[in-house]
file start.cif (mmCIF, C-alpha atoms and all ligand atoms)
data_protein
loop_
_atom_site.label_atom_id
_atom_site.label_comp_id
_atom_site.auth_asym_id
_atom_site.auth_seq_id
_atom_site.Cartn_x
_atom_site.Cartn_y
_atom_site.Cartn_z
CA MET J 1438 -3.62 3.62 10.92
CA PRO J 1439 -7.07 2.11 10.64
CA GLY J 1440 -9.66 4.72 9.69
CA PHE J 1441 -12.39 2.35 10.88
CA GLU J 1442 -11.48 3.25 14.45
CA LEU J 1443 -13.04 6.66 13.91
CA PHE J 1444 -16.09 5.48 11.96
CA GLY J 1445 -19.09 7.61 12.88
CA GLU J 1446 -21.94 9.92 11.91
CA LEU J 1447 -20.30 11.37 8.80
CA GLU J 1448 -19.87 7.91 7.33
CA LYS J 1449 -23.46 6.96 8.18
CA GLN J 1450 -24.83 10.13 6.54
CA GLN J 1451 -22.96 9.44 3.31
CA VAL J 1452 -24.13 5.82 3.19
CA ASN J 1453 -27.71 6.89 3.93
CA ASP J 1454 -27.64 9.21 0.88
CA VAL J 1455 -27.03 6.12 -1.22
CA LEU J 1456 -29.61 3.99 0.59
CA ASP J 1457 -32.22 6.73 0.11
CA ASN J 1458 -32.24 6.34 -3.65
CA GLY J 1459 -31.03 2.75 -3.88
CA VAL J 1460 -28.58 3.27 -6.73
CA LEU J 1461 -25.69 1.15 -5.49
CA MET J 1462 -23.81 1.24 -8.78
CA ARG J 1463 -21.39 4.00 -9.69
CA TYR J 1464 -22.33 4.21 -13.39
CA GLY J 1465 -25.66 5.00 -15.03
CA PHE J 1466 -29.18 5.27 -13.57
CA ASP J 1467 -28.89 9.05 -13.78
CA GLY J 1468 -32.60 9.70 -13.25
CA MET J 1469 -32.92 7.60 -10.10
CA ARG J 1470 -29.88 8.78 -8.18
CA LYS J 1471 -31.13 12.21 -7.08
CA GLY J 1472 -27.77 13.78 -7.86
CA HIS J 1473 -25.73 11.36 -5.75
CA TRP J 1474 -22.47 10.33 -7.44
CA LYS J 1475 -20.37 9.13 -4.51
CA ALA J 1476 -17.62 7.44 -6.54
CA LYS J 1477 -17.23 10.48 -8.81
CA GLU J 1478 -17.16 12.82 -5.80
CA LEU J 1479 -14.57 10.69 -4.07
CA GLU J 1480 -12.42 10.72 -7.21
CA THR J 1481 -12.56 14.52 -7.20
CA GLU J 1482 -11.59 14.66 -3.51
CA LEU J 1483 -8.70 12.25 -4.03
CA SER J 1484 -7.49 14.21 -7.03
CA LYS J 1485 -7.24 17.28 -4.77
CA ALA J 1486 -5.71 15.41 -1.83
CA PHE J 1487 -3.05 13.77 -3.99
CA GLN J 1488 -2.50 16.73 -6.32
CA THR J 1489 -2.94 14.48 -9.33
CA LYS J 1490 -5.08 15.08 -12.41
CA HIS J 1491 -6.80 11.73 -12.76
CA VAL J 1492 -8.18 9.23 -10.27
CA GLN J 1493 -9.85 5.91 -11.02
CA LEU J 1494 -11.51 4.18 -8.08
CA VAL J 1495 -11.47 0.39 -8.13
CA SER J 1496 -12.57 -2.50 -5.91
CA SER J 1497 -9.35 -2.99 -3.90
CA GLY J 1498 -5.72 -2.00 -3.58
CA THR J 1499 -4.69 -5.24 -5.24
CA ALA J 1500 -6.98 -4.41 -8.17
CA ALA J 1501 -5.45 -0.92 -8.25
CA VAL J 1502 -1.96 -2.38 -8.78
CA SER J 1503 -3.16 -4.74 -11.53
CA VAL J 1504 -5.19 -2.01 -13.24
CA ALA J 1505 -2.28 0.44 -13.04
CA LEU J 1506 0.13 -2.02 -14.66
CA ALA J 1507 -2.41 -3.11 -17.29
CA SER J 1508 -3.25 0.50 -18.14
CA ALA J 1509 0.40 1.17 -18.89
CA GLY J 1510 0.63 -1.94 -21.07
CA VAL J 1511 2.43 -4.36 -18.73
CA GLY J 1512 1.53 -7.99 -19.48
CA ALA J 1513 2.65 -11.46 -20.49
CA GLY J 1514 6.33 -12.11 -19.90
CA ASP J 1515 7.18 -8.57 -18.78
CA GLU J 1516 9.36 -8.32 -15.71
CA VAL J 1517 8.27 -6.04 -12.88
CA ILE J 1518 10.84 -5.27 -10.18
CA MET J 1519 9.35 -5.27 -6.68
CA PRO J 1520 10.64 -5.46 -3.08
CA THR J 1521 11.05 -8.60 -0.92
CA PHE J 1522 9.24 -6.78 1.87
CA THR J 1523 5.66 -5.86 0.96
CA PHE J 1524 2.17 -7.27 1.17
CA VAL J 1525 1.44 -10.42 -0.90
CA ALA J 1526 -0.82 -8.28 -3.11
CA SER J 1527 2.27 -6.98 -4.95
CA PHE J 1528 3.17 -10.25 -6.65
CA GLU J 1529 -0.47 -11.32 -6.96
CA ALA J 1530 -1.26 -8.19 -8.97
CA ILE J 1531 1.74 -8.70 -11.26
CA MET J 1532 1.07 -12.41 -11.84
CA MET J 1533 -2.59 -11.83 -12.63
CA LEU J 1534 -1.41 -10.14 -15.83
CA GLY J 1535 0.93 -12.99 -16.76
CA ALA J 1536 3.89 -10.78 -15.87
CA ILE J 1537 6.88 -11.85 -13.78
CA PRO J 1538 7.63 -10.42 -10.33
CA VAL J 1539 11.37 -9.88 -9.86
CA LEU J 1540 12.01 -9.54 -6.14
CA VAL J 1541 14.94 -7.44 -4.98
CA ASP J 1542 16.38 -6.33 -1.65
CA VAL J 1543 15.17 -3.51 0.56
CA ASP J 1544 17.47 -1.18 2.51
CA ASP J 1545 17.21 0.69 5.83
CA THR J 1546 14.22 2.67 4.48
CA LEU J 1547 12.39 -0.72 4.51
CA CYS J 1548 11.66 -0.02 0.84
CA LEU J 1549 13.40 -0.82 -2.48
CA ASN J 1550 17.17 -0.47 -2.49
CA PRO J 1551 17.95 1.53 -5.67
CA GLU J 1552 21.25 -0.31 -6.24
CA ALA J 1553 19.49 -3.67 -6.10
CA VAL J 1554 16.93 -2.35 -8.58
CA GLN J 1555 19.67 -1.25 -10.97
CA GLN J 1556 21.27 -4.70 -10.84
CA ALA J 1557 17.99 -6.51 -11.53
CA ILE J 1558 17.23 -4.72 -14.80
CA THR J 1559 17.17 -6.98 -17.89
CA PRO J 1560 15.91 -6.43 -21.46
CA LYS J 1561 12.55 -7.82 -20.27
CA THR J 1562 12.10 -5.30 -17.46
CA LYS J 1563 9.08 -3.09 -18.04
CA ALA J 1564 8.39 -1.48 -14.68
CA ILE J 1565 9.75 -0.74 -11.23
CA MET J 1566 7.12 -1.10 -8.57
CA VAL J 1567 8.09 0.73 -5.42
CA VAL J 1568 6.06 -0.08 -2.31
CA GLN J 1569 6.02 2.70 0.28
CA MET J 1570 5.96 0.43 3.32
CA CYS J 1571 4.75 1.18 6.82
CA GLY J 1572 4.05 4.87 6.36
CA SER J 1573 7.35 5.88 4.78
CA MET J 1574 9.13 5.68 1.43
CA ALA J 1575 12.07 4.63 -0.70
CA ASN J 1576 14.70 7.01 -2.00
CA MET J 1577 12.46 8.25 -4.80
CA ASP J 1578 15.02 10.51 -6.50
CA ALA J 1579 17.35 7.57 -7.03
CA LEU J 1580 14.53 5.35 -8.31
CA GLN J 1581 13.22 8.03 -10.66
CA THR J 1582 16.69 8.51 -12.10
CA ILE J 1583 17.01 4.76 -12.73
CA ALA J 1584 13.53 4.57 -14.26
CA THR J 1585 14.16 7.50 -16.58
CA LYS J 1586 17.61 6.35 -17.63
CA ASN J 1587 16.35 2.85 -18.47
CA ASN J 1588 13.04 3.95 -19.93
CA LEU J 1589 11.01 2.03 -17.33
CA LEU J 1590 7.66 2.76 -15.77
CA LEU J 1591 7.70 3.75 -12.11
CA VAL J 1592 4.59 2.49 -10.34
CA GLU J 1593 4.08 3.54 -6.74
CA ASP J 1594 2.16 1.38 -4.29
CA ALA J 1595 1.31 3.87 -1.54
CA CYS J 1596 -1.35 1.67 0.11
CA GLN J 1597 0.40 1.84 3.50
CA ALA J 1598 1.61 5.42 3.29
CA ILE J 1599 -1.45 7.53 2.49
CA GLY J 1600 -0.61 11.14 3.39
CA GLY J 1601 3.18 10.72 3.48
CA THR J 1602 5.13 13.18 1.31
CA TYR J 1603 8.46 13.36 -0.51
CA ASN J 1604 9.91 16.76 -1.41
CA GLY J 1605 6.45 18.15 -0.68
CA LYS J 1606 4.66 15.77 -3.05
CA PRO J 1607 2.09 13.27 -1.78
CA LEU J 1608 3.32 9.67 -1.96
CA GLY J 1609 1.53 7.95 -4.82
CA SER J 1610 1.76 11.06 -7.00
CA ILE J 1611 5.47 10.76 -7.81
CA GLY J 1612 5.63 7.75 -10.11
CA ASP J 1613 3.91 7.38 -13.51
CA LEU J 1614 1.00 5.77 -11.69
CA GLY J 1615 0.16 5.50 -7.99
CA CYS J 1616 -1.97 2.94 -6.16
CA PHE J 1617 -3.96 3.16 -2.94
CA SER J 1618 -5.99 0.71 -0.89
CA PHE J 1619 -9.03 1.62 1.17
CA ASP J 1620 -9.51 -1.81 2.71
CA PHE J 1621 -10.77 -2.11 6.26
CA VAL J 1622 -7.41 -1.60 8.00
CA LYS J 1623 -5.95 1.25 5.94
CA THR J 1624 -5.72 4.90 7.03
CA ILE J 1625 -8.83 5.75 5.01
CA THR J 1626 -11.30 2.92 4.60
CA CYS J 1627 -14.18 2.25 2.22
CA GLY J 1628 -14.67 -1.24 3.68
CA GLU J 1629 -13.09 -2.48 0.46
CA GLY J 1630 -11.74 -0.24 -2.27
CA GLY J 1631 -8.72 1.18 -4.02
CA ALA J 1632 -7.58 3.88 -6.43
CA VAL J 1633 -5.22 4.39 -9.33
CA ILE J 1634 -3.90 7.93 -9.72
CA THR J 1635 -1.97 9.39 -12.65
CA ASN J 1636 -1.27 12.59 -14.55
CA ASN J 1637 -1.20 10.64 -17.80
CA GLN J 1638 -4.50 11.03 -19.69
CA ASN J 1639 -3.95 7.88 -21.70
CA TYR J 1640 -3.25 5.64 -18.67
CA TYR J 1641 -6.31 7.13 -16.98
CA THR J 1642 -8.63 6.42 -19.89
CA ASN J 1643 -7.29 2.88 -20.02
CA ALA J 1644 -7.87 2.41 -16.28
CA ASP J 1645 -11.40 3.83 -16.54
CA HIS J 1646 -12.36 1.43 -19.34
CA TYR J 1647 -10.37 -1.61 -18.20
CA SER J 1648 -11.86 -1.61 -14.69
CA ASP J 1649 -15.40 -1.73 -16.17
CA HIS J 1650 -15.37 -4.46 -18.85
CA GLY J 1651 -13.78 -2.14 -21.41
CA HIS J 1652 -16.80 0.20 -21.44
CA ASP J 1653 -16.00 3.52 -23.13
CA HIS J 1654 -18.34 5.49 -20.80
CA VAL J 1655 -19.49 7.76 -23.62
CA GLY J 1656 -23.06 9.11 -23.35
CA ASN J 1657 -25.59 8.00 -20.76
CA ASP J 1658 -26.92 4.76 -22.20
CA ARG J 1659 -24.75 2.01 -20.78
CA GLY J 1660 -26.21 -0.57 -23.16
CA ALA J 1661 -25.14 1.46 -26.19
CA GLU J 1662 -21.52 1.94 -25.08
CA THR J 1663 -18.77 0.37 -27.14
CA HIS J 1664 -15.75 -1.60 -25.95
CA PRO J 1665 -12.51 -0.31 -27.49
CA PHE J 1666 -10.58 -3.13 -25.78
CA LEU J 1667 -10.97 -6.04 -23.35
CA GLY J 1668 -11.53 -5.33 -19.71
CA TYR J 1669 -12.64 -6.87 -16.43
CA ASN J 1670 -14.79 -5.80 -13.53
CA PHE J 1671 -12.87 -4.02 -10.79
CA ARG J 1672 -15.61 -1.48 -10.02
CA ILE J 1673 -16.19 0.07 -6.62
CA SER J 1674 -19.80 0.30 -5.43
CA GLU J 1675 -21.53 3.54 -4.40
CA LEU J 1676 -21.90 2.21 -0.84
CA HIS J 1677 -18.16 1.71 -0.49
CA ALA J 1678 -17.36 5.03 -2.13
CA ALA J 1679 -19.78 6.79 0.25
CA VAL J 1680 -17.81 5.56 3.29
CA GLY J 1681 -14.57 6.69 1.64
CA LEU J 1682 -16.02 10.11 0.88
CA ALA J 1683 -16.66 10.73 4.57
CA GLN J 1684 -13.23 9.37 5.49
CA VAL J 1685 -11.17 11.30 2.94
CA LYS J 1686 -12.45 14.56 4.38
CA ARG J 1687 -10.99 13.47 7.71
CA LEU J 1688 -7.54 12.62 6.30
CA PRO J 1689 -5.83 15.77 7.67
CA GLU J 1690 -7.28 15.01 11.12
CA PHE J 1691 -6.10 11.37 10.91
CA LEU J 1692 -2.60 12.43 9.79
CA ASN J 1693 -2.27 14.94 12.64
CA ILE J 1694 -3.05 12.25 15.17
CA GLN J 1695 -0.70 9.71 13.58
CA ARG J 1696 2.21 12.13 13.33
CA LYS J 1697 1.78 13.43 16.88
CA TYR J 1698 1.92 9.85 18.21
CA LEU J 1699 4.83 8.90 15.95
CA ASN J 1700 6.85 11.78 17.43
CA ILE J 1701 6.20 10.56 20.95
CA PHE J 1702 7.37 7.02 20.10
CA GLN J 1703 10.42 8.32 18.27
CA GLU J 1704 11.46 10.52 21.20
CA VAL J 1705 10.89 7.99 23.96
CA VAL J 1706 11.82 4.67 22.34
CA GLY J 1707 14.32 6.24 19.93
CA ALA J 1708 16.35 7.55 22.90
CA LEU J 1709 17.49 4.03 23.83
CA PRO J 1710 21.05 3.14 22.78
CA GLN J 1711 19.84 -0.26 21.46
CA VAL J 1712 17.36 1.38 19.09
CA THR J 1713 18.01 2.82 15.62
CA LEU J 1714 15.09 4.55 13.92
CA ARG J 1715 14.15 3.60 10.40
CA THR J 1716 15.82 5.81 7.77
CA VAL J 1717 13.51 8.29 6.07
CA PRO J 1718 15.00 9.65 2.81
CA VAL J 1719 15.99 13.33 2.79
CA GLY J 1720 12.91 15.35 1.85
CA GLY J 1721 10.52 12.70 3.14
CA GLU J 1722 7.78 13.04 5.72
CA GLU J 1723 6.19 9.88 7.10
CA SER J 1724 2.41 9.45 7.28
CA GLY J 1725 2.73 8.18 10.85
CA ALA J 1726 0.76 5.02 10.13
CA PHE J 1727 3.52 2.97 11.83
CA PHE J 1728 6.47 3.43 14.16
CA ASN J 1729 9.49 1.45 12.88
CA PHE J 1730 12.84 0.82 14.45
CA PHE J 1731 15.82 -1.52 14.30
CA LEU J 1732 17.46 -3.51 17.08
CA PRO J 1733 21.04 -4.83 16.98
CA TYR J 1734 20.26 -8.44 15.98
CA LEU J 1735 17.45 -10.73 14.84
CA GLU J 1736 17.60 -12.41 18.24
CA SER J 1737 17.17 -9.07 20.03
CA ALA J 1738 14.11 -8.28 17.91
CA ARG J 1739 12.62 -11.68 18.73
CA LYS J 1740 13.27 -11.18 22.45
CA VAL J 1741 11.67 -7.74 22.39
CA ILE J 1742 8.60 -9.03 20.54
CA GLN J 1743 8.27 -11.73 23.19
CA GLY J 1744 8.69 -9.10 25.91
CA PHE J 1745 6.04 -6.92 24.28
CA LYS J 1746 3.62 -9.86 24.19
CA GLU J 1747 4.16 -10.65 27.83
CA GLY J 1748 3.92 -6.96 28.74
CA GLY J 1749 0.63 -6.44 26.91
CA ILE J 1750 2.04 -4.32 24.04
CA ASP J 1751 0.01 -5.44 21.03
CA ALA J 1752 0.10 -4.42 17.34
CA CYS J 1753 3.90 -4.72 16.99
CA TRP J 1754 5.51 -7.17 14.58
CA ASN J 1755 8.84 -8.51 13.48
CA TYR J 1756 8.03 -9.17 9.84
CA TYR J 1757 10.85 -11.70 9.50
CA ASP J 1758 8.60 -14.15 11.32
CA ASN J 1759 5.35 -12.99 9.71
CA ASN J 1760 3.52 -14.91 6.98
CA TRP J 1761 2.16 -11.99 5.01
CA HIS J 1762 4.81 -9.42 4.38
CA TYR J 1763 8.18 -11.01 3.75
CA ILE J 1764 9.60 -13.37 1.11
CA ARG J 1765 10.89 -15.83 3.76
CA LYS J 1766 7.42 -17.28 4.41
CA TRP J 1767 5.96 -17.01 0.91
CA GLU J 1768 6.14 -20.77 0.26
CA HIS J 1769 3.09 -20.63 -2.02
CA LEU J 1770 4.92 -18.24 -4.32
CA LYS J 1771 8.27 -20.05 -4.20
CA ASN J 1772 6.56 -23.38 -4.95
CA LEU J 1773 4.07 -21.87 -7.42
CA LYS J 1774 1.03 -23.36 -5.72
CA SER J 1775 -1.59 -22.29 -8.23
CA LEU J 1776 -5.13 -23.59 -8.71
CA PHE J 1777 -4.69 -23.39 -12.46
CA PRO J 1778 -1.76 -23.91 -14.85
CA ILE J 1779 0.81 -21.12 -14.95
CA SER J 1780 2.51 -20.21 -18.23
CA GLU J 1781 5.97 -21.61 -18.95
CA GLU J 1782 7.23 -18.05 -19.27
CA VAL J 1783 6.21 -17.18 -15.71
CA LYS J 1784 7.42 -20.56 -14.37
CA ASN J 1785 10.84 -20.00 -15.92
CA GLY J 1786 10.82 -16.39 -14.85
CA LEU J 1787 10.32 -17.39 -11.22
CA LYS J 1788 12.93 -20.20 -11.12
CA TYR J 1789 15.39 -17.81 -9.48
CA LEU J 1790 13.31 -17.94 -6.29
CA GLU J 1791 14.27 -21.60 -5.70
CA THR J 1792 17.84 -20.58 -4.90
CA ALA J 1793 17.80 -16.82 -4.34
CA SER J 1794 18.95 -15.48 -1.00
CA PHE J 1795 18.21 -11.98 0.19
CA ASN J 1796 20.87 -11.30 2.80
CA ASP J 1797 20.48 -7.54 2.80
CA SER J 1798 16.73 -7.82 3.28
CA ASP J 1799 17.22 -10.38 6.07
CA HIS J 1800 19.64 -7.96 7.71
CA PHE J 1801 17.04 -5.18 7.85
CA ILE J 1802 13.76 -7.07 8.19
CA GLY J 1803 15.19 -9.47 10.80
CA ARG J 1804 16.14 -6.57 13.08
CA ASN J 1805 13.07 -4.44 12.47
CA ILE J 1806 10.07 -3.95 14.68
CA SER J 1807 7.03 -2.31 13.21
CA CYS J 1808 4.27 -0.96 15.45
CA LEU J 1809 0.87 0.13 14.23
CA ILE J 1810 -0.19 3.59 15.38
CA LYS J 1811 -3.87 3.59 16.29
CA LEU J 1812 -6.11 6.58 15.78
CA SER J 1813 -8.31 5.66 18.73
CA TRP J 1814 -5.57 6.03 21.36
CA THR J 1815 -5.42 9.15 23.53
CA GLU J 1816 -2.17 11.09 23.83
CA ASP J 1817 -1.80 9.93 27.44
CA GLU J 1818 -2.22 6.32 26.43
CA VAL J 1819 0.49 6.76 23.82
CA LYS J 1820 2.89 8.27 26.37
CA VAL J 1821 2.31 5.39 28.79
CA ARG J 1822 2.70 2.89 25.98
CA ALA J 1823 5.95 4.43 24.75
CA GLN J 1824 7.42 4.37 28.28
CA LYS J 1825 6.41 0.76 28.71
CA MET J 1826 7.96 -0.21 25.38
CA ALA J 1827 11.20 1.53 26.33
CA GLN J 1828 11.28 -0.24 29.69
CA ILE J 1829 10.73 -3.63 28.10
CA ILE J 1830 13.44 -3.07 25.47
CA ALA J 1831 15.91 -1.89 28.11
CA SER J 1832 15.25 -4.83 30.40
CA VAL J 1833 15.14 -7.53 27.71
CA LEU J 1834 18.36 -6.31 26.02
CA LYS J 1835 20.37 -5.59 29.19
C1 LIG P 1901 -3.23 -3.39 1.73
C2 LIG P 1901 -2.18 -3.42 0.70
C3 LIG P 1901 -2.45 -3.76 -0.64
C4 LIG P 1901 -3.74 -4.36 -1.11
O1 LIG P 1901 -4.86 -3.75 -0.75
P1 LIG P 1901 -6.28 -4.51 -0.70
O2 LIG P 1901 -7.22 -3.37 -0.80
O3 LIG P 1901 -6.36 -5.21 0.61
O4 LIG P 1901 -6.35 -5.42 -1.86
C5 LIG P 1901 -1.45 -3.64 -1.57
N1 LIG P 1901 -0.22 -3.23 -1.23
C6 LIG P 1901 0.09 -2.92 0.05
C7 LIG P 1901 1.47 -2.46 0.37
C8 LIG P 1901 -0.87 -3.02 1.05
O5 LIG P 1901 -0.53 -2.76 2.31
#

call {"tool": "encode", "arguments": {"input": "start.cif", "output": "structure tokens", "more": "lines below"}}
Ligand SMILES: *Cc1c(COP(=O)(O)O)cnc(C)c1O
result
Amino acid sequence: MPGFELFGELEKQQVNDVLDNGVLMRYGFDGMRKGHWKAKELETELSKAFQTKHVQLVSSGTAAVSVALASAGVGAGDEVIMPTFTFVASFEAIMMLGAIPVLVDVDDTLCLNPEAVQQAITPKTKAIMVVQMCGSMANMDALQTIATKNNLLLVEDACQAIGGTYNGKPLGSIGDLGCFSFDFVKTITCGEGGAVITNNQNYYTNADHYSDHGHDHVGNDRGAETHPFLGYNFRISELHAAVGLAQVKRLPEFLNIQRKYLNIFQEVVGALPQVTLRTVPVGGEESGAFFNFFLPYLESARKVIQGFKEGGIDACWNYYDNNWHYIRKWEHLKNLKSLFPISEEVKNGLKYLETASFNDSDHFIGRNISCLIKLSWTEDEVKVRAQKMAQIIASVLK
């Protein structure tokens, strides 16, 4: 996945354009910037790549999720349904707005289980936030039907699945709003950065203003701009956008590599009787950022991870035992360890976490192994690696 592995001359050229004129900010300073508008150019490129009318770059993927929700009016006391398996950013972004994350089970797609979503809907539910984990996706048709029927927003976090598609549409472009991260380890990197994409003009205008202190961006005198509503600063800098501009042009190249390697892993490792590949919904095509599979039991997954470690196979995880991506180890969320007071509404809204159990999620996450696919590997290295993984699995699970 990480685009930084193929960082090179193109990225340097783009950054040098910015350094030449010294305008590091994305707005204003029209006279000094010698025609360089890296953030604007990147927004245009992303709009093409994701076949979506509007793109607002922001400072991170986490900011993108917060800005997306805020732009659609999600705030204090609103419930946002999200999966138990995701990056911690998902609940952080919801809680920053004073909204309440409602965690529900994932299924064998490793993404939201539509039935669990349906059951979690209450009169307070405002949005469903689907997280397209590890290069693939949830059953989007089912989720869209639920969202439409219940008049809920569908927000798509596609941070880990850039370039994946569903029924021919880029992931991130299917929901009402989509979110991307361009942090250092994502498929395209800016160093730090993120984007909100939407076809809704109103959400876009809100995201544009909200991510820059509420500035209306009318005219070319920043000091004279008005503030139609409150905002914050989630701006991306021109330096970061410049790196992303070089990287986005390489996305098709990155995706070809990822998918070629994913096929090799699926054929070699997937041939073992102990291995079940992750389910990809009908109509879906993975981005190839990760290779995911299930083993028969939690204990078998743990044994295989141990075997991989001893056999020198790095970059594979069982997220059941990982601190970042699964509810089981999110003690700081369950115990509401906050630096500052949290509203009673959110405290009450999160009480369910003290006793909730997520057996279905445990069943899938406990047995899952997720392996990063690196862009810097050669095809031969991938073939050797896949054989070695298969040997280890076969010998550990005899
Ligand atoms: C990386 C990631 C984010 C957050 O992105 P940052 O740019 O690191 O803030 C959000 N959601 C998911 C699923 C991610 O993987």

call {"tool": "residues_around", "arguments": {"input": "start.cif", "residues": "Phe1727 (chain J)", "least_positions_apart": "4", "cutoff": "12 Å", "atoms": "only C-alpha atoms", "output": "mmCIF file with C-alpha atoms, keeping the file's coordinate frame"}}
result
data_model
loop_
_atom_site.group_PDB
_atom_site.id
_atom_site.type_symbol
_atom_site.label_atom_id
_atom_site.label_comp_id
_atom_site.auth_asym_id
_atom_site.auth_seq_id
_atom_site.Cartn_x
_atom_site.Cartn_y
_atom_site.Cartn_z
ATOM 1 C CA MET J 1438 -3.620 3.620 10.920
ATOM 2 C CA PRO J 1439 -7.070 2.110 10.640
ATOM 3 C CA GLN J 1569 6.020 2.700 0.280
ATOM 4 C CA MET J 1570 5.960 0.430 3.320
ATOM 5 C CA CYS J 1571 4.750 1.180 6.820
ATOM 6 C CA GLY J 1572 4.050 4.870 6.360
ATOM 7 C CA SER J 1573 7.350 5.880 4.780
ATOM 8 C CA GLN J 1597 0.400 1.840 3.500
ATOM 9 C CA ALA J 1598 1.610 5.420 3.290
ATOM 10 C CA ILE J 1599 -1.450 7.530 2.490
ATOM 11 C CA GLY J 1601 3.180 10.720 3.480
ATOM 12 C CA LYS J 1623 -5.950 1.250 5.940
ATOM 13 C CA THR J 1624 -5.720 4.900 7.030
ATOM 14 C CA LEU J 1692 -2.600 12.430 9.790
ATOM 15 C CA ILE J 1694 -3.050 12.250 15.170
ATOM 16 C CA GLN J 1695 -0.700 9.710 13.580
ATOM 17 C CA ARG J 1696 2.210 12.130 13.330
ATOM 18 C CA LYS J 1697 1.780 13.430 16.880
ATOM 19 C CA TYR J 1698 1.920 9.850 18.210
ATOM 20 C CA LEU J 1699 4.830 8.900 15.950
ATOM 21 C CA ASN J 1700 6.850 11.780 17.430
ATOM 22 C CA PHE J 1702 7.370 7.020 20.100
ATOM 23 C CA GLN J 1703 10.420 8.320 18.270
ATOM 24 C CA LEU J 1714 15.090 4.550 13.920
ATOM 25 C CA ARG J 1715 14.150 3.600 10.400
ATOM 26 C CA GLU J 1723 6.190 9.880 7.100
ATOM 27 C CA ALA J 1752 0.100 -4.420 17.340
ATOM 28 C CA CYS J 1753 3.900 -4.720 16.990
ATOM 29 C CA TRP J 1754 5.510 -7.170 14.580
ATOM 30 C CA ILE J 1806 10.070 -3.950 14.680
ATOM 31 C CA SER J 1807 7.030 -2.310 13.210
ATOM 32 C CA CYS J 1808 4.270 -0.960 15.450
ATOM 33 C CA LEU J 1809 0.870 0.130 14.230
ATOM 34 C CA ILE J 1810 -0.190 3.590 15.380
ATOM 35 C CA LYS J 1811 -3.870 3.590 16.290
ATOM 36 C CA LEU J 1812 -6.110 6.580 15.780
#

call {"tool": "residues_near_point", "arguments": {"input": "start.cif", "point": "(11.0, -7.0, -9.6)", "cutoff": "7 Å", "atoms": "only C-alpha atoms", "output": "number ranges by chain"}}
result
J: 1516-1520, 1538-1541, 1565

call {"tool": "residues_near_ligand", "arguments": {"input": "start.cif", "ligand": "ligand LIG 1901 (chain P)", "cutoff": "7 Å", "atoms": "only C-alpha atoms and all ligand atoms", "output": "PDB file with C-alpha atoms, keeping the file's coordinate frame"}}
result
ATOM      1  CA  SER J1497      -9.350  -2.990  -3.900  1.00  0.00           C
ATOM      2  CA  GLY J1498      -5.720  -2.000  -3.580  1.00  0.00           C
ATOM      3  CA  THR J1499      -4.690  -5.240  -5.240  1.00  0.00           C
ATOM      4  CA  ALA J1500      -6.980  -4.410  -8.170  1.00  0.00           C
ATOM      5  CA  THR J1523       5.660  -5.860   0.960  1.00  0.00           C
ATOM      6  CA  PHE J1524       2.170  -7.270   1.170  1.00  0.00           C
ATOM      7  CA  ALA J1526      -0.820  -8.280  -3.110  1.00  0.00           C
ATOM      8  CA  SER J1527       2.270  -6.980  -4.950  1.00  0.00           C
ATOM      9  CA  VAL J1568       6.060  -0.080  -2.310  1.00  0.00           C
ATOM     10  CA  GLN J1569       6.020   2.700   0.280  1.00  0.00           C
ATOM     11  CA  MET J1570       5.960   0.430   3.320  1.00  0.00           C
ATOM     12  CA  ASP J1594       2.160   1.380  -4.290  1.00  0.00           C
ATOM     13  CA  ALA J1595       1.310   3.870  -1.540  1.00  0.00           C
ATOM     14  CA  CYS J1596      -1.350   1.670   0.110  1.00  0.00           C
ATOM     15  CA  GLN J1597       0.400   1.840   3.500  1.00  0.00           C
ATOM     16  CA  SER J1618      -5.990   0.710  -0.890  1.00  0.00           C
ATOM     17  CA  PHE J1619      -9.030   1.620   1.170  1.00  0.00           C
ATOM     18  CA  ASP J1620      -9.510  -1.810   2.710  1.00  0.00           C
ATOM     19  CA  LYS J1623      -5.950   1.250   5.940  1.00  0.00           C
ATOM     20  CA  GLU J1629     -13.090  -2.480   0.460  1.00  0.00           C
ATOM     21  CA  GLY J1630     -11.740  -0.240  -2.270  1.00  0.00           C
ATOM     22  CA  GLY J1631      -8.720   1.180  -4.020  1.00  0.00           C
TER      23      GLY J1631
END

call {"tool": "closest_residue", "arguments": {"input": "start.cif", "among": "J:Leu1834, J:Ala1509, J:Leu1688, J:Val1680", "to": "Tyr1647 (chain J)", "atoms": "only C-alpha atoms"}}
result
J:Ala1509

call {"tool": "residues_around", "arguments": {"input": "start.cif", "residues": "region 1791-1805 of chain J", "least_positions_apart": "3", "cutoff": "6 Å", "atoms": "only C-alpha atoms", "output": "compact mmCIF listing (two decimals) with C-alpha atoms, in the frame of the given file"}}
result
# COMPACT_ATOMS: atom_id res chain seq x y z
CA ASP J 1542 16.38 -6.33 -1.65
CA VAL J 1543 15.17 -3.51 0.56
CA PHE J 1730 12.84 0.82 14.45
CA PHE J 1731 15.82 -1.52 14.30
CA LEU J 1732 17.46 -3.51 17.08
CA TYR J 1734 20.26 -8.44 15.98
CA LEU J 1735 17.45 -10.73 14.84
CA ALA J 1738 14.11 -8.28 17.91
CA ASN J 1755 8.84 -8.51 13.48
CA TYR J 1757 10.85 -11.70 9.50
CA LYS J 1788 12.93 -20.20 -11.12

call {"tool": "residues_near_point", "arguments": {"input": "start.cif", "point": "(0.9, -4.0, 24.4)", "cutoff": "12 Å", "atoms": "all atoms listed in the file", "output": "VMD selection string"}}
result
chain J and resid 1741 to 1754 1808 to 1810 1818 to 1819 1821 to 1827 1829
